[in-house]
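A.B. asks: To be precise about what I am sending: the file is called structure-v6.cif and holds mmCIF, C-alpha atoms.
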```
data_upload
#
loop_
_atom_site.label_atom_id
_atom_site.label_comp_id
_atom_site.auth_asym_id
_atom_site.auth_seq_id
_atom_site.Cartn_x
_atom_site.Cartn_y
_atom_site.Cartn_z
CA MET A 1 62.42 -67.49 -17.78
CA LYS A 2 64.92 -67.93 -14.98
CA LYS A 3 63.86 -67.33 -11.38
CA LYS A 4 66.15 -64.32 -11.02
CA GLU A 5 64.73 -62.72 -14.17
CA PHE A 6 61.19 -63.40 -12.95
CA LEU A 7 61.91 -61.83 -9.55
CA ASP A 8 63.53 -58.77 -11.15
CA ALA A 9 60.49 -58.27 -13.37
CA LYS A 10 58.24 -58.71 -10.34
CA GLU A 11 60.19 -56.11 -8.37
CA LYS A 12 59.84 -53.66 -11.25
CA ALA A 13 56.09 -54.32 -11.59
CA LEU A 14 55.53 -53.84 -7.85
CA LYS A 15 57.46 -50.58 -7.89
CA SER A 16 55.32 -49.21 -10.70
CA LEU A 17 52.15 -50.36 -8.88
CA GLU A 18 53.39 -48.60 -5.74
CA LYS A 19 54.04 -45.46 -7.75
CA ALA A 20 50.52 -45.61 -9.24
CA CYS A 21 49.12 -45.97 -5.71
CA THR A 22 51.05 -42.94 -4.46
CA GLU A 23 49.84 -40.93 -7.43
CA LYS A 24 46.31 -42.26 -6.84
CA LYS A 25 46.24 -43.69 -10.37
CA ALA A 26 45.60 -47.26 -9.17
CA ASP A 27 42.06 -48.59 -8.94
CA LYS A 28 41.49 -48.76 -5.20
CA GLU A 29 38.71 -51.32 -5.64
CA ILE A 30 41.06 -54.11 -6.62
CA LEU A 31 44.15 -53.28 -4.60
CA LYS A 32 43.24 -55.97 -2.06
CA ILE A 33 43.21 -58.78 -4.60
CA LEU A 34 46.35 -57.42 -6.33
CA SER A 35 48.18 -57.48 -3.02
CA LEU A 36 47.02 -61.08 -2.39
CA ILE A 37 48.39 -62.14 -5.79
CA ASN A 38 51.62 -60.20 -5.33
CA ASN A 39 52.20 -61.82 -1.95
CA SER A 40 52.43 -65.21 -3.63
CA GLU A 41 55.93 -66.24 -4.67
CA GLU A 42 54.65 -67.81 -7.86
CA CYS A 43 53.15 -64.75 -9.53
CA TYR A 44 52.64 -61.00 -9.78
CA THR A 45 50.20 -58.58 -11.38
CA SER A 46 51.36 -56.57 -14.37
CA SER A 47 48.41 -54.37 -15.31
CA SER A 48 44.83 -54.31 -14.23
CA CYS A 49 41.60 -52.36 -14.23
CA ALA A 50 38.70 -52.66 -11.82
CA GLY A 51 35.37 -52.73 -13.63
CA ARG A 52 34.24 -49.32 -14.85
CA ILE A 53 31.65 -47.45 -16.84
CA VAL A 54 32.94 -45.05 -19.50
CA LEU A 55 31.53 -42.63 -22.01
CA LEU A 56 33.79 -42.51 -25.06
CA GLU A 57 33.85 -40.49 -28.23
CA ILE A 58 35.37 -42.49 -31.08
CA PRO A 59 35.88 -40.96 -34.54
CA ARG A 60 35.86 -44.38 -36.25
CA ILE A 61 35.27 -47.98 -35.10
CA GLY A 62 38.39 -49.47 -33.59
CA ASP A 63 40.24 -46.13 -33.69
CA LYS A 64 41.12 -46.31 -30.01
CA LYS A 65 44.07 -43.98 -30.39
CA ARG A 66 41.82 -41.07 -31.23
CA ALA A 67 39.13 -42.01 -28.71
CA LYS A 68 38.33 -39.36 -26.12
CA PHE A 69 37.00 -40.05 -22.61
CA LEU A 70 33.92 -37.93 -21.96
CA GLY A 71 33.29 -39.66 -18.62
CA LYS A 72 34.90 -42.43 -16.53
CA TRP A 73 33.35 -43.90 -13.38
CA HIS A 74 34.56 -46.68 -11.06
CA ARG A 75 31.12 -46.83 -9.45
CA THR A 76 27.43 -47.06 -10.36
CA ILE A 77 26.06 -43.98 -12.11
CA GLU A 78 22.93 -41.91 -12.79
CA PRO A 79 21.52 -41.10 -16.27
CA SER A 80 22.01 -37.37 -15.57
CA GLU A 81 25.78 -37.97 -15.26
CA VAL A 82 25.87 -39.50 -18.74
CA GLU A 83 23.92 -36.55 -20.12
CA ALA A 84 26.27 -34.05 -18.45
CA ALA A 85 29.35 -35.89 -19.76
CA ALA A 86 27.86 -36.15 -23.27
CA ALA A 87 27.57 -32.36 -23.40
CA LYS A 88 31.33 -32.33 -24.09
CA ALA A 89 30.92 -34.43 -27.25
CA ARG A 90 31.77 -32.87 -30.62
CA LYS A 91 32.58 -35.24 -33.50
CA GLY A 92 32.26 -39.01 -33.80
CA ILE A 93 30.20 -41.78 -32.27
CA ILE A 94 29.42 -41.56 -28.55
CA TRP A 95 29.68 -44.98 -26.86
CA LEU A 96 28.49 -45.98 -23.42
CA ILE A 97 30.67 -48.89 -22.29
CA ALA A 98 30.42 -51.01 -19.14
CA GLN A 99 33.65 -52.96 -18.75
CA SER A 100 34.24 -55.90 -16.43
CA PRO A 101 37.55 -55.98 -14.54
CA ILE A 102 40.71 -57.10 -16.30
CA ILE A 103 43.68 -58.40 -14.33
CA HIS A 104 46.94 -59.46 -15.95
CA ILE A 105 48.96 -61.91 -13.88
CA VAL A 106 52.47 -63.09 -14.72
CA ALA A 107 53.07 -66.64 -13.45
CA TYR A 108 56.39 -68.40 -12.98
CA THR A 109 55.15 -71.78 -14.21
CA THR A 110 52.43 -72.91 -16.60
CA LYS A 111 51.10 -75.05 -13.72
CA THR A 112 50.42 -71.95 -11.62
CA ALA A 113 49.03 -70.12 -14.67
CA ASP A 114 46.66 -72.99 -15.38
CA LYS A 115 45.47 -73.05 -11.76
CA ILE A 116 44.79 -69.30 -11.86
CA VAL A 117 42.85 -69.58 -15.15
CA LYS A 118 40.70 -72.42 -13.75
CA THR A 119 40.06 -70.47 -10.52
CA ALA A 120 39.14 -67.33 -12.48
CA ILE A 121 36.71 -69.24 -14.70
CA ALA A 122 35.14 -70.91 -11.64
CA SER A 123 34.71 -67.47 -10.05
CA GLY A 124 32.73 -66.20 -13.04
CA PHE A 125 35.54 -64.70 -15.15
CA LYS A 126 34.57 -66.95 -18.04
CA ASN A 127 36.69 -65.22 -20.65
CA SER A 128 40.00 -65.82 -18.87
CA GLY A 129 42.97 -67.32 -20.67
CA LEU A 130 46.66 -66.93 -21.40
CA LYS A 131 47.94 -64.01 -23.40
CA SER A 132 51.48 -65.31 -23.69
CA ILE A 133 53.35 -68.50 -22.82
CA ARG A 134 56.77 -68.27 -24.40
CA ARG A 135 59.05 -65.91 -22.57
CA LYS A 136 56.61 -64.56 -20.01
CA ILE A 137 53.58 -66.56 -18.92
CA VAL A 138 50.76 -64.02 -18.75
CA VAL A 139 47.23 -64.83 -17.58
CA GLU A 140 44.37 -62.48 -18.46
CA VAL A 141 41.45 -62.64 -16.05
CA CYS A 142 38.29 -61.23 -17.60
CA SER A 143 34.62 -61.68 -18.00
CA THR A 144 32.20 -61.94 -20.92
CA GLU A 145 29.54 -59.53 -19.66
CA ARG A 146 29.74 -56.09 -21.11
CA LEU A 147 27.75 -53.36 -22.68
CA ASP A 148 29.14 -51.55 -25.75
CA ALA A 149 26.40 -49.28 -26.97
CA PRO A 150 26.68 -46.38 -29.40
CA ILE A 151 24.26 -43.82 -27.98
CA GLY A 152 24.77 -40.77 -30.17
CA ARG A 153 26.73 -39.07 -32.91
CA ASP A 154 28.43 -35.69 -33.51
CA GLY A 155 27.45 -34.18 -30.18
CA PHE A 156 23.86 -35.46 -30.08
CA LEU A 157 22.48 -38.24 -27.88
CA PHE A 158 20.10 -40.49 -29.81
CA CYS A 159 18.50 -42.13 -26.81
CA LYS A 160 15.62 -40.60 -24.93
CA GLU A 161 15.14 -40.59 -21.16
CA ARG A 162 13.52 -44.02 -20.71
CA TYR A 163 16.08 -45.67 -22.94
CA LEU A 164 19.06 -44.02 -21.26
CA GLN A 165 17.58 -45.19 -17.95
CA LEU A 166 17.65 -48.80 -19.22
CA LEU A 167 21.25 -48.50 -20.47
CA VAL A 168 22.42 -47.05 -17.15
CA GLU A 169 20.51 -49.71 -15.21
CA ILE A 170 22.23 -52.49 -17.14
CA SER A 171 25.66 -50.81 -16.89
CA ASN A 172 25.22 -50.56 -13.13
CA GLU A 173 24.18 -54.21 -12.94
CA ILE A 174 27.31 -55.27 -14.85
CA PHE A 175 29.41 -53.15 -12.48
CA LYS A 176 27.86 -54.72 -9.39
CA LYS A 177 28.26 -58.25 -10.77
CA SER A 178 31.95 -57.47 -11.37
CA LYS A 179 32.46 -56.57 -7.70
CA ASP A 180 30.85 -59.86 -6.64
CA LYS A 181 33.13 -61.80 -8.97
CA ILE A 182 36.25 -60.06 -7.63
CA ILE A 183 35.25 -61.03 -4.07
CA ARG A 184 34.57 -64.62 -5.15
CA PHE A 185 37.89 -64.81 -7.01
CA GLU A 186 39.75 -63.40 -4.01
CA GLY A 187 38.25 -66.03 -1.72
CA ARG A 188 39.17 -68.88 -4.07
CA LEU A 189 42.69 -67.53 -4.64
CA ARG A 190 43.23 -67.46 -0.87
CA ASP A 191 42.51 -71.18 -0.87
CA ILE A 192 44.95 -72.06 -3.65
CA PHE A 193 47.71 -69.80 -2.26
CA LYS A 194 47.50 -71.40 1.20
CA MET B 1 49.47 -85.03 -25.36
CA LYS B 2 50.94 -87.81 -27.47
CA LYS B 3 50.93 -87.51 -31.26
CA LYS B 4 48.54 -90.44 -31.64
CA GLU B 5 46.07 -88.89 -29.18
CA PHE B 6 46.36 -85.54 -30.98
CA LEU B 7 45.69 -87.13 -34.37
CA ASP B 8 42.71 -89.09 -33.02
CA ALA B 9 41.20 -85.89 -31.61
CA LYS B 10 41.86 -84.15 -34.94
CA GLU B 11 40.14 -86.93 -36.86
CA LYS B 12 37.11 -86.64 -34.59
CA ALA B 13 36.99 -82.83 -34.93
CA LEU B 14 37.23 -83.02 -38.72
CA LYS B 15 34.41 -85.58 -38.84
CA SER B 16 32.13 -83.34 -36.83
CA LEU B 17 33.05 -80.35 -39.04
CA GLU B 18 32.26 -82.46 -42.11
CA LYS B 19 28.90 -83.41 -40.58
CA ALA B 20 28.12 -79.74 -39.86
CA CYS B 21 28.96 -78.92 -43.50
CA THR B 22 26.66 -81.66 -44.82
CA GLU B 23 23.87 -80.42 -42.55
CA LYS B 24 24.66 -76.86 -43.63
CA LYS B 25 25.27 -75.87 -40.01
CA ALA B 26 28.84 -74.70 -40.67
CA ASP B 27 29.53 -71.04 -41.37
CA LYS B 28 30.40 -71.08 -45.08
CA GLU B 29 32.26 -67.78 -44.79
CA ILE B 30 35.15 -69.26 -42.86
CA LEU B 31 35.34 -72.75 -44.32
CA LYS B 32 38.30 -71.72 -46.48
CA ILE B 33 40.45 -70.66 -43.55
CA LEU B 34 39.34 -73.67 -41.48
CA SER B 35 40.43 -75.98 -44.26
CA LEU B 36 43.80 -74.19 -44.49
CA ILE B 37 44.36 -74.70 -40.75
CA ASN B 38 43.17 -78.30 -40.85
CA ASN B 39 45.55 -79.09 -43.70
CA SER B 40 48.48 -78.28 -41.46
CA GLU B 41 49.89 -81.25 -39.56
CA GLU B 42 50.49 -79.16 -36.47
CA CYS B 43 46.92 -78.09 -35.70
CA TYR B 44 43.19 -78.38 -36.23
CA THR B 45 40.08 -76.27 -35.60
CA SER B 46 37.71 -77.33 -32.84
CA SER B 47 34.89 -74.82 -32.91
CA SER B 48 34.40 -71.57 -34.72
CA CYS B 49 31.95 -68.90 -35.71
CA ALA B 50 32.21 -66.45 -38.59
CA GLY B 51 31.28 -62.96 -37.51
CA ARG B 52 27.56 -62.42 -37.15
CA ILE B 53 24.86 -60.02 -36.08
CA VAL B 54 22.23 -61.34 -33.68
CA LEU B 55 19.12 -60.08 -31.96
CA LEU B 56 18.79 -61.78 -28.58
CA GLU B 57 16.18 -61.74 -25.85
CA ILE B 58 17.80 -62.29 -22.44
CA PRO B 59 15.70 -62.54 -19.26
CA ARG B 60 18.62 -61.44 -17.04
CA ILE B 61 22.22 -60.29 -17.66
CA GLY B 62 24.53 -63.20 -18.19
CA ASP B 63 21.65 -65.71 -18.29
CA LYS B 64 22.75 -67.10 -21.61
CA LYS B 65 20.99 -70.42 -21.04
CA ARG B 66 17.61 -68.75 -21.20
CA ALA B 67 18.54 -66.40 -24.02
CA LYS B 68 16.38 -66.65 -27.14
CA PHE B 69 17.51 -65.81 -30.68
CA LEU B 70 15.07 -63.43 -32.32
CA GLY B 71 17.31 -63.01 -35.36
CA LYS B 72 20.69 -64.29 -36.57
CA TRP B 73 22.49 -63.02 -39.67
CA HIS B 74 25.86 -63.97 -41.18
CA ARG B 75 25.70 -60.89 -43.41
CA THR B 76 25.06 -57.14 -43.27
CA ILE B 77 21.48 -56.21 -42.42
CA GLU B 78 18.78 -53.55 -42.76
CA PRO B 79 17.02 -51.77 -39.85
CA SER B 80 13.67 -53.19 -41.06
CA GLU B 81 14.99 -56.73 -40.47
CA VAL B 82 15.76 -55.90 -36.84
CA GLU B 83 12.27 -54.45 -36.41
CA ALA B 84 10.66 -57.52 -37.96
CA ALA B 85 12.71 -59.87 -35.74
CA ALA B 86 11.96 -57.78 -32.62
CA ALA B 87 8.23 -58.32 -33.20
CA LYS B 88 8.76 -61.83 -31.77
CA ALA B 89 10.04 -60.43 -28.45
CA ARG B 90 7.98 -61.03 -25.31
CA LYS B 91 9.81 -60.80 -21.94
CA GLY B 92 13.31 -59.60 -21.08
CA ILE B 93 15.91 -57.26 -22.50
CA ILE B 94 16.35 -57.20 -26.29
CA TRP B 95 20.04 -56.97 -27.27
CA LEU B 96 21.50 -56.18 -30.67
CA ILE B 97 24.92 -57.83 -30.80
CA ALA B 98 27.57 -57.65 -33.52
CA GLN B 99 30.13 -60.38 -32.91
CA SER B 100 33.53 -60.69 -34.51
CA PRO B 101 34.61 -64.16 -35.64
CA ILE B 102 35.90 -66.66 -33.08
CA ILE B 103 38.10 -69.56 -34.15
CA HIS B 104 39.38 -72.19 -31.72
CA ILE B 105 42.53 -73.93 -32.88
CA VAL B 106 44.12 -76.92 -31.14
CA ALA B 107 47.90 -76.94 -31.61
CA TYR B 108 50.29 -79.83 -31.08
CA THR B 109 53.04 -77.70 -29.57
CA THR B 110 53.16 -74.43 -27.63
CA LYS B 111 55.55 -73.17 -30.31
CA THR B 112 52.90 -73.54 -33.01
CA ALA B 113 50.26 -72.10 -30.68
CA ASP B 114 52.43 -69.07 -29.99
CA LYS B 115 53.05 -68.53 -33.69
CA ILE B 116 49.30 -68.66 -34.41
CA VAL B 117 48.51 -66.18 -31.59
CA LYS B 118 51.14 -63.74 -32.90
CA THR B 119 49.84 -64.09 -36.48
CA ALA B 120 46.25 -63.56 -35.32
CA ILE B 121 47.16 -60.43 -33.37
CA ALA B 122 49.15 -59.07 -36.33
CA SER B 123 46.08 -59.68 -38.56
CA GLY B 124 43.88 -57.55 -36.31
CA PHE B 125 42.50 -60.22 -33.96
CA LYS B 126 43.87 -58.32 -31.00
CA ASN B 127 42.06 -60.28 -28.33
CA SER B 128 43.60 -63.64 -29.27
CA GLY B 129 45.21 -65.86 -26.65
CA LEU B 130 45.34 -69.38 -25.24
CA LYS B 131 42.35 -70.89 -23.53
CA SER B 132 44.17 -73.97 -22.31
CA ILE B 133 47.75 -75.23 -22.20
CA ARG B 134 47.81 -78.31 -19.98
CA ARG B 135 46.32 -81.32 -21.71
CA LYS B 136 45.14 -79.69 -24.92
CA ILE B 137 46.75 -76.51 -26.26
CA VAL B 138 43.85 -74.39 -27.46
CA VAL B 139 44.24 -71.01 -29.17
CA GLU B 140 41.29 -68.64 -29.32
CA VAL B 141 41.41 -66.20 -32.23
CA CYS B 142 39.17 -63.22 -31.61
CA SER B 143 38.83 -59.52 -31.92
CA THR B 144 38.02 -56.66 -29.57
CA GLU B 145 35.48 -54.86 -31.75
CA ARG B 146 31.90 -55.55 -30.88
CA LEU B 147 28.59 -53.98 -30.27
CA ASP B 148 26.47 -55.20 -27.33
CA ALA B 149 23.53 -52.85 -27.12
CA PRO B 150 20.29 -53.34 -25.22
CA ILE B 151 17.67 -51.83 -27.53
CA GLY B 152 14.39 -52.63 -25.81
CA ARG B 153 12.53 -54.46 -23.07
CA ASP B 154 9.49 -56.71 -22.72
CA GLY B 155 8.55 -56.67 -26.38
CA PHE B 156 9.14 -52.96 -27.02
CA LEU B 157 12.01 -51.38 -28.94
CA PHE B 158 13.32 -48.28 -27.18
CA CYS B 159 15.23 -46.88 -30.14
CA LYS B 160 13.64 -44.75 -32.80
CA GLU B 161 14.32 -44.92 -36.54
CA ARG B 162 17.41 -42.69 -36.73
CA TYR B 163 19.00 -44.44 -33.76
CA LEU B 164 18.32 -47.93 -35.05
CA GLN B 165 19.87 -46.81 -38.35
CA LEU B 166 23.08 -45.86 -36.50
CA LEU B 167 23.20 -49.18 -34.61
CA VAL B 168 22.70 -51.19 -37.78
CA GLU B 169 25.31 -49.10 -39.62
CA ILE B 170 27.90 -49.80 -36.91
CA SER B 171 26.98 -53.51 -36.73
CA ASN B 172 27.44 -53.77 -40.49
CA GLU B 173 30.80 -52.01 -40.27
CA ILE B 174 31.99 -54.46 -37.57
CA PHE B 175 30.83 -57.33 -39.78
CA LYS B 176 32.72 -56.01 -42.82
CA LYS B 177 35.89 -55.39 -40.81
CA SER B 178 35.70 -59.01 -39.60
CA LYS B 179 35.70 -60.30 -43.15
CA ASP B 180 38.78 -58.22 -43.96
CA LYS B 181 40.58 -59.59 -40.91
CA ILE B 182 39.76 -63.18 -41.84
CA ILE B 183 41.26 -62.60 -45.33
CA ARG B 184 44.36 -60.99 -43.80
CA PHE B 185 44.76 -63.82 -41.28
CA GLU B 186 44.38 -66.41 -44.03
CA GLY B 187 47.14 -64.77 -46.08
CA ARG B 188 49.54 -64.65 -43.15
CA LEU B 189 48.75 -68.23 -42.10
CA ARG B 190 49.58 -69.41 -45.63
CA ASP B 191 53.02 -67.89 -45.14
CA ILE B 192 53.71 -69.58 -41.80
CA PHE B 193 52.34 -72.96 -42.94
CA LYS B 194 54.60 -72.99 -46.05
#
```
Please go through the file and, once you have read it, give me the structure as structure tokens.
C.D. replies:
Amino acid sequence: MKKKEFLDAKEKALKSLEKACTEKKADKEILKILSLINNSEECYTSSSCAGRIVLLEIPRIGDKKRAKFLGKWHRTIEPSEVEAAAAKARKGIIWLIAQSPIIHIVAYTTKTADKIVKTAIASGFKNSGLKSIRRKIVVEVCSTERLDAPIGRDGFLFCKERYLQLLVEISNEIFKKSKDKIIRFEGRLRDIFK
Amino acid sequence: MKKKEFLDAKEKALKSLEKACTEKKADKEILKILSLINNSEECYTSSSCAGRIVLLEIPRIGDKKRAKFLGKWHRTIEPSEVEAAAAKARKGIIWLIAQSPIIHIVAYTTKTADKIVKTAIASGFKNSGLKSIRRKIVVEVCSTERLDAPIGRDGFLFCKERYLQLLVEISNEIFKKSKDKIIRFEGRLRDIFK
């Protein structure tokens, strides 16, 4: 990709990030690290999601298109919140999912991309790698820790109080670990962008 | 990497695969596709795992080093098998995990690597990408579908019969979908390796 093309794509990505911020659709929690990355000449962020906990209703495995969000939290949660959100469930499997952050970064050179991947892995984002290297060089920063637990079906929760407590506890722990990793990654990126 | 270096590394990888086969440590289910990949001049497989269902005991989240396998199956399973395996649990969280296959492929050129990633994604391995591009070009073929469910703590299962049935049902479905994807990927690879 030529420099001009890269800069045009960057400009477009930043505009859409700005728009998402104005509309409050951007995850506030990671705006700081996104801005750090976007301030570097060598790269920009394309899409990203701060860690979150979601309650999903999925008619069939892998059928993401027909999945319905029953609850979505960018913070730690209480078991009662899961129960309240699950009350909206009707048909399909109810999944409690704790997702680590995902950040997509477009780099101008494979050298920069490689440096970012190594930094991400060293910061605890062990599942990081490159999604594309031909036209656009896209790094995906992500972690291995997650919880993907089916917890009910067709409107009914299968897990009792004590069990739901455990699931929420672990989801919250994954969420907190994600925050720590983001802070660590930010610190290390500051060093390489110096 | 120079061709000679690439071929030496390939020779070494094939020897260790052969050793794993002799010792019956290799996953039989994917040997066919591994051999297809290894017959191509442009690439070789480094490490891989056919899809599996495991029961793990983990003292703390992410502490994989101290994780203990309570059960490991390269096939569909019955709830009673999970219960029997869980009887060995002592301390920590008990996780039921259904993992899709993971295949690592070293490619000689980024062009081949890119082609493999595209083929993998088209075959349903939507989470595929490149783990490394500097010295060695390593493709990771993997899927997004998985189940990572904590199902008990300190020797006790928290899920009752009907719930365990659901978890096992979904794990088996993920396992079967994995097999289908491997077959699809194999077919498409045959076309690009022609």
A.B. asks: To verify the selection step, state as a list in words which residues the PyMOL selection byres ((chain A and resi 103) around 6) yields on this input.
C.D. replies: Ser48, Ile102, His104, Glu140 and Val141 of chain A
A.B. asks: Mind listing as a PyMOL selection string which residues of chain B are within 9 Å of chain A, counting only C-alpha atoms?
C.D. replies: chain B and resi 61-62+110-111+114+117+127-134+140+144-153+158-160+162-163+166-167+170+173-174
A.B. asks: Quick one, how far is CA of Asp27 in chain A from CA of Gly51 in chain A?
C.D. replies: 9.2 Å
A.B. asks: When you count all atoms listed in the file, which of these residues is closest to Glu83 in chain A: A:Cys43, A:Ile37, A:Leu55, A:Ala120?
C.D. replies: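 Answer, going by the shortest atom-to-atom distance: A:Leu55.
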A.B. asks: Expressed in Å to a single decimal, how great is the separation between CA of Lys32 in chain B and CA of Ser46 in chain B?
C.D. replies: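 According to the coordinates, CA of Lys32 in chain B and CA of Ser46 in chain B are separated by 14.8 Å.
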A.B. asks: Report as a ChimeraX atom specification all protein, DNA and RNA residues lying within 12 Å of range 9-11 of chain A, evaluated on all atoms listed in the file, omitting residues in the same chain fewer than 6 positions from it.
C.D. replies: /A:1-3,17-18,37-47,105-108,136
A.B. asks: Choose the residue, out of B:Ala85, B:Ile94, B:Ser35, B:His74, that has the smallest atom-to-atom separation from Pro59 in chain B; count all atoms listed in the file.
C.D. replies: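 Of B:Ala85, B:Ile94, B:Ser35, B:His74, the one nearest Pro59 in chain B is B:Ile94, counting all atoms listed in the file.
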A.B. asks: Just to confirm, what's the straight-line distance from CA of Leu56 in chain B to CA of Phe69 in chain B in Å (one decimal)?
C.D. replies: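 Computed distance, CA of Leu56 in chain B to CA of Phe69 in chain B, equals 4.7 Å.
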A.B. asks: May I have the protein, DNA and RNA residues with any atom at most 9 Å from the point (28.0, -41.0, -17.1), counting all atoms listed in the file, written as a list in words?
C.D. replies: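 Result, sorted by chain then residue number: Ile53, Val54, Leu55, Leu70, Gly71, Lys72, Trp73, Ile77, Glu78, Pro79, Ser80, Glu81, Val82, Glu83, Ala84, Ala85, Ala86, Leu96 and Val168 of chain A.
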A.B. asks: Do you know which residues the PyMOL selection byres ((chain B and resi 189) around 10) returns on this file, as a PyMOL selection string?
C.D. replies: chain B and resi 33+36-37+115-116+119-120+123+183-188+190-194
